[in-house]
Structures are given as C-alpha cells and as structure tokens.
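File shown here: query28.txt, holding compact mmCIF, C-alpha atoms.
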# COMPACT_ATOMS: atom_id res chain seq x y z
CA MET A 1 7.55 57.18 -2.79
CA MET A 2 8.78 54.87 -0.07
CA GLU A 3 7.16 51.51 0.60
CA TRP A 4 5.74 52.54 3.99
CA ASP A 5 4.25 55.84 2.77
CA GLU A 6 0.86 54.25 2.04
CA LYS A 7 0.84 52.47 5.41
CA TYR A 8 1.30 55.70 7.36
CA MET A 9 -0.99 57.70 5.06
CA ARG A 10 -3.71 55.18 5.93
CA GLU A 11 -3.11 56.08 9.59
CA ALA A 12 -3.52 59.76 8.67
CA LEU A 13 -6.75 58.84 6.86
CA ARG A 14 -8.00 57.18 10.06
CA GLU A 15 -7.38 60.47 11.86
CA ALA A 16 -9.23 62.34 9.10
CA LEU A 17 -12.23 60.02 9.44
CA GLN A 18 -12.27 60.71 13.18
CA ALA A 19 -12.33 64.44 12.41
CA ALA A 20 -15.29 63.95 10.07
CA GLU A 21 -17.15 61.96 12.73
CA GLU A 22 -16.64 64.92 15.08
CA GLY A 23 -17.99 67.37 12.48
CA GLU A 24 -14.53 68.74 11.71
CA ILE A 25 -12.99 69.22 8.27
CA PRO A 26 -11.56 65.74 7.60
CA ILE A 27 -7.82 66.27 7.66
CA GLY A 28 -5.60 63.89 9.59
CA ALA A 29 -1.89 63.70 10.32
CA VAL A 30 0.66 61.39 11.88
CA ILE A 31 4.33 61.96 12.55
CA VAL A 32 6.70 59.01 12.31
CA GLY A 33 10.10 58.85 13.95
CA ARG A 34 12.39 55.83 14.10
CA GLY A 35 9.80 53.60 12.49
CA ARG A 36 6.91 54.35 14.84
CA ILE A 37 4.13 56.90 15.15
CA ILE A 38 5.18 59.50 17.71
CA GLY A 39 2.42 62.04 17.08
CA ARG A 40 -1.06 62.13 15.67
CA GLY A 41 -3.77 64.66 15.19
CA HIS A 42 -6.84 65.67 13.27
CA ASN A 43 -8.56 68.97 12.76
CA MET A 44 -10.14 70.23 15.97
CA THR A 45 -10.85 73.87 15.12
CA GLU A 46 -14.59 73.59 15.86
CA THR A 47 -14.21 71.42 18.96
CA LEU A 48 -11.57 73.66 20.54
CA HIS A 49 -12.89 76.94 19.07
CA ASP A 50 -9.33 77.54 17.91
CA ALA A 51 -8.47 78.52 14.34
CA THR A 52 -4.94 77.12 14.83
CA ALA A 53 -6.06 73.61 15.86
CA HIS A 54 -5.14 72.04 12.53
CA ALA A 55 -4.20 68.36 12.28
CA GLU A 56 -0.52 69.17 11.65
CA MET A 57 -0.28 71.53 14.63
CA ILE A 58 -1.72 68.93 16.98
CA ALA A 59 0.54 66.22 15.55
CA ILE A 60 3.61 68.46 16.00
CA THR A 61 2.69 69.09 19.64
CA THR A 62 2.14 65.41 20.42
CA ALA A 63 5.34 64.38 18.60
CA THR A 64 7.54 66.93 20.36
CA GLU A 65 6.04 65.91 23.71
CA THR A 66 6.81 62.28 22.89
CA ILE A 67 10.46 62.92 22.03
CA GLY A 68 11.00 65.64 24.62
CA GLY A 69 12.37 68.18 22.15
CA LYS A 70 11.22 70.75 19.61
CA TYR A 71 13.04 69.52 16.51
CA LEU A 72 11.66 66.81 14.24
CA ASN A 73 14.46 66.74 11.67
CA ASP A 74 14.62 62.91 11.63
CA CYS A 75 10.83 62.54 11.35
CA THR A 76 8.21 62.37 8.62
CA LEU A 77 4.79 64.01 8.69
CA TYR A 78 2.00 62.21 6.83
CA VAL A 79 -1.01 64.44 6.23
CA THR A 80 -4.07 63.88 4.08
CA VAL A 81 -4.11 67.39 2.55
CA GLU A 82 -1.26 69.73 1.63
CA PRO A 83 -0.37 71.89 4.66
CA CYS A 84 -1.54 75.48 4.75
CA PRO A 85 0.91 78.38 5.20
CA MET A 86 0.42 78.43 9.00
CA CYS A 87 1.22 74.73 9.29
CA ALA A 88 4.11 75.01 6.83
CA GLY A 89 5.60 77.74 9.03
CA ALA A 90 5.26 75.56 12.14
CA LEU A 91 6.79 72.63 10.27
CA ASN A 92 9.66 74.91 9.27
CA TRP A 93 10.30 75.84 12.91
CA SER A 94 10.19 72.16 13.90
CA GLN A 95 12.69 71.42 11.10
CA ILE A 96 10.65 68.39 10.02
CA GLY A 97 12.75 66.12 7.82
CA ARG A 98 10.06 65.06 5.38
CA ILE A 99 6.44 65.81 4.56
CA VAL A 100 4.20 63.38 2.71
CA TYR A 101 0.75 64.60 1.75
CA GLY A 102 -2.17 63.14 -0.15
CA ALA A 103 -4.36 65.72 -1.87
CA PRO A 104 -3.14 69.13 -2.99
CA ASP A 105 -4.89 72.26 -1.72
CA PRO A 106 -5.06 74.56 -4.75
CA LYS A 107 -6.69 77.39 -2.76
CA ARG A 108 -4.73 77.43 0.50
CA GLY A 109 -1.77 75.09 0.17
CA HIS A 110 1.73 76.16 1.13
CA SER A 111 3.06 75.45 -2.37
CA LEU A 112 1.30 78.58 -3.63
CA PHE A 113 3.99 80.62 -1.89
CA SER A 114 7.44 81.36 -3.20
CA PRO A 115 9.94 81.19 -1.69
CA SER A 116 8.93 78.04 0.13
CA LEU A 117 7.67 78.39 3.68
CA LEU A 118 9.27 75.06 4.55
CA HIS A 119 12.72 74.47 6.00
CA PRO A 120 15.29 74.24 3.18
CA ARG A 121 16.21 70.64 4.10
CA THR A 122 12.62 69.37 4.28
CA GLU A 123 11.79 66.85 1.55
CA VAL A 124 8.24 66.80 0.20
CA THR A 125 6.36 63.93 -1.42
CA SER A 126 2.85 64.58 -2.73
CA GLY A 127 0.04 62.49 -4.13
CA VAL A 128 0.15 59.48 -1.76
CA LEU A 129 -3.38 58.05 -1.76
CA ALA A 130 -4.44 61.38 -3.26
CA ASP A 131 -7.78 60.14 -4.59
CA GLU A 132 -8.86 58.77 -1.20
CA CYS A 133 -7.72 61.91 0.59
CA ALA A 134 -9.48 64.20 -1.89
CA ALA A 135 -12.68 62.13 -1.81
CA LEU A 136 -12.93 62.54 1.96
CA MET A 137 -12.82 66.32 1.55
CA THR A 138 -15.24 66.37 -1.39
CA ASP A 139 -17.74 64.10 0.36
CA PHE A 140 -17.54 66.13 3.57
CA PHE A 141 -18.27 69.43 1.84
CA LYS A 142 -21.04 67.91 -0.32
CA SER A 143 -22.73 66.71 2.87
CA LYS A 144 -22.63 70.25 4.28
CA ARG A 145 -24.39 71.82 1.28
CA PRO A 146 -28.20 71.86 1.18
Once you've parsed the file, please lay out its structure as structure tokens.
Amino acid sequence: MMEWDEKYMREALREALQAAEEGEIPIGAVIVGRGRIIGRGHNMTETLHDATAHAEMIAITTATETIGGKYLNDCTLYVTVEPCPMCAGALNWSQIGRIVYGAPDPKRGHSLFSPSLLHPRTEVTSGVLADECAALMTDFFKSKRP
C-alpha cells in the first residue's frame, strides 16, 4: 500500500456518502493522475434510471474528459468496493494503471472471474480502509430492511 492510498480512498468514501444521501448504493470512486483527482463518481443508477451508472463508470468518463483521451494507463482508480465485471471490463478498455479498492464483493466482484477481466498490466491493491467501506454498505442495506 502506498502512503497516499488512504488519502484518496477517503475521497472515494466522500463520494460513497454522497451516493447514500441520494438513496443510491453507497459506492464511490476517484481517479488520480499526476498527483491530482481527475475524475470522480458515485453510484447513480437510481437517479439516472441507468443500470450502467456505477461509480467507476462515471469516474472513467469524467477522467477521460479531463485528460482529453480514452486511456488511463498512468492513473489510479480508488473505489470503495471491488469493481463488478462490467466495470472491470470498462477499466480494461481504459487500460487503467492501478486499481485500489476497499471492501471485497464476494457475490459480484470481478475477482470471481478467471481469467481476469482487467488489463494484464493493471495492478490491484485491495483492503484499503476495508472496514469503513464495508460498514457503509452494511449500514445502507440494514436501513433498507424493515
């Protein structure tokens, strides 16, 4: 784990909290390039009525708009929960250099698939602020149950 991983994961957690405030599943993401946040996003599937409006997808779009290109090979994605297969595929196409996630997703995470859905050069770090990231999800779903 790199020294700034927690700093940027806290930014992703801020995005996740915003999602929760909007009634969305609390997953947040930021993309960092050259030492600054170039993209951010949180789940917006309910707001946009779009099953593909995951935090990572929105962060990819904002990051590529910021840099004016489709490849993010020198960038790092920080996301509160392990990316799903759809997001892993999009991250593959963007050639993201590194992914850092907090909580694993044992039901829908990309790591359930072999071979990997990620680009072969993408580095993955898991477990950064995992307890905080997982607690957000657990608390959100507990609040939804009667």
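Using all atoms listed in the file, the nearest neighbour of A:Leu118 within the list A:Tyr78, A:Trp4, A:Trp93, A:Tyr71 is A:Trp93.
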Could you make a table, as a tab-separated table, of the residues of stretch 64-83 of chain A that have an atom within 10 Å of an atom of stretch 103-110 of chain A, each with its nearest atom pair and distance in Å to one decimal, counting all atoms listed in the file, in chain and number order?
residue	atom	partner	partner_atom	distance
A:Val79	CA	A:Ala103	CA	8.9
A:Thr80	CA	A:Ala103	CA	6.2
A:Val81	CA	A:Ala103	CA	4.7
A:Glu82	CA	A:Pro104	CA	5.0
A:Pro83	CA	A:Gly109	CA	5.7
Pull C-alpha atoms from the residues just selected and write them as a tab-separated table (two decimals), in the coordinates of the input.
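The result, written out as again.tsv:
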chain	number	residue	atom	x	y	z
A	79	VAL	CA	-1.01	64.44	6.23
A	80	THR	CA	-4.07	63.88	4.08
A	81	VAL	CA	-4.11	67.39	2.55
A	82	GLU	CA	-1.26	69.73	1.63
A	83	PRO	CA	-0.37	71.89	4.66
At what distance in Å, to one decimal, does atom CA of A:Lys142 lie from atom CA of A:Tyr8?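 These atoms are spaced 26.6 Å apart.
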Which of these, A:His42, A:Ala135, A:Arg10, A:Ala51, has the shortest distance to A:Glu22 once you count all atoms listed in the file?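 Once distances to A:Glu22 are computed over all atoms listed in the file, the minimum belongs to A:His42.
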Quick one, how far is atom CA of A:Ile37 from atom CA of A:Met2?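 A separation of 16.0 Å between them.
Each of A:Cys75, A:Met9, A:Leu129, A:Ala134 was compared to A:Ala29 using all atoms listed in the file, and A:Met9 turns out to be the nearest.
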Between A:Thr64, A:Leu136, A:Thr47, A:Ile99, which one has atoms that come closest to A:Val124, using only C-alpha atoms?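 Nearest candidate to A:Val124 out of A:Thr64, A:Leu136, A:Thr47, A:Ile99: A:Ile99.
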What does the distance between atom CA of A:Ser143 and atom CA of A:Arg40 come to in Å, to one decimal place? 25.6 Å
Considering all atoms listed in the file, return as number ranges by chain whatever protein or nucleic-acid residues lie within 10 Å of A:Glu65, sequence-local ones (same chain, fewer than 6 positions apart) excluded. A: 38-39, 59
Judged by all atoms listed in the file, the minimum distance to A:Arg121 among A:Gly102, A:Gly68, A:Gly28, A:Gly97 is found for A:Gly97
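Among the candidates A:Thr52, A:Asn43, A:Thr125, A:Thr66, the one nearest to A:Ala90 when counting all atoms listed in the file is A:Thr52.
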Which residues, written as an MDAnalysis selection string, have at least one atom at most 12 Å from A:Phe141, with only C-alpha atoms counted and residues fewer than 2 positions away on the same chain left out? chainID A and resid 20 23:26 134:139 143:146
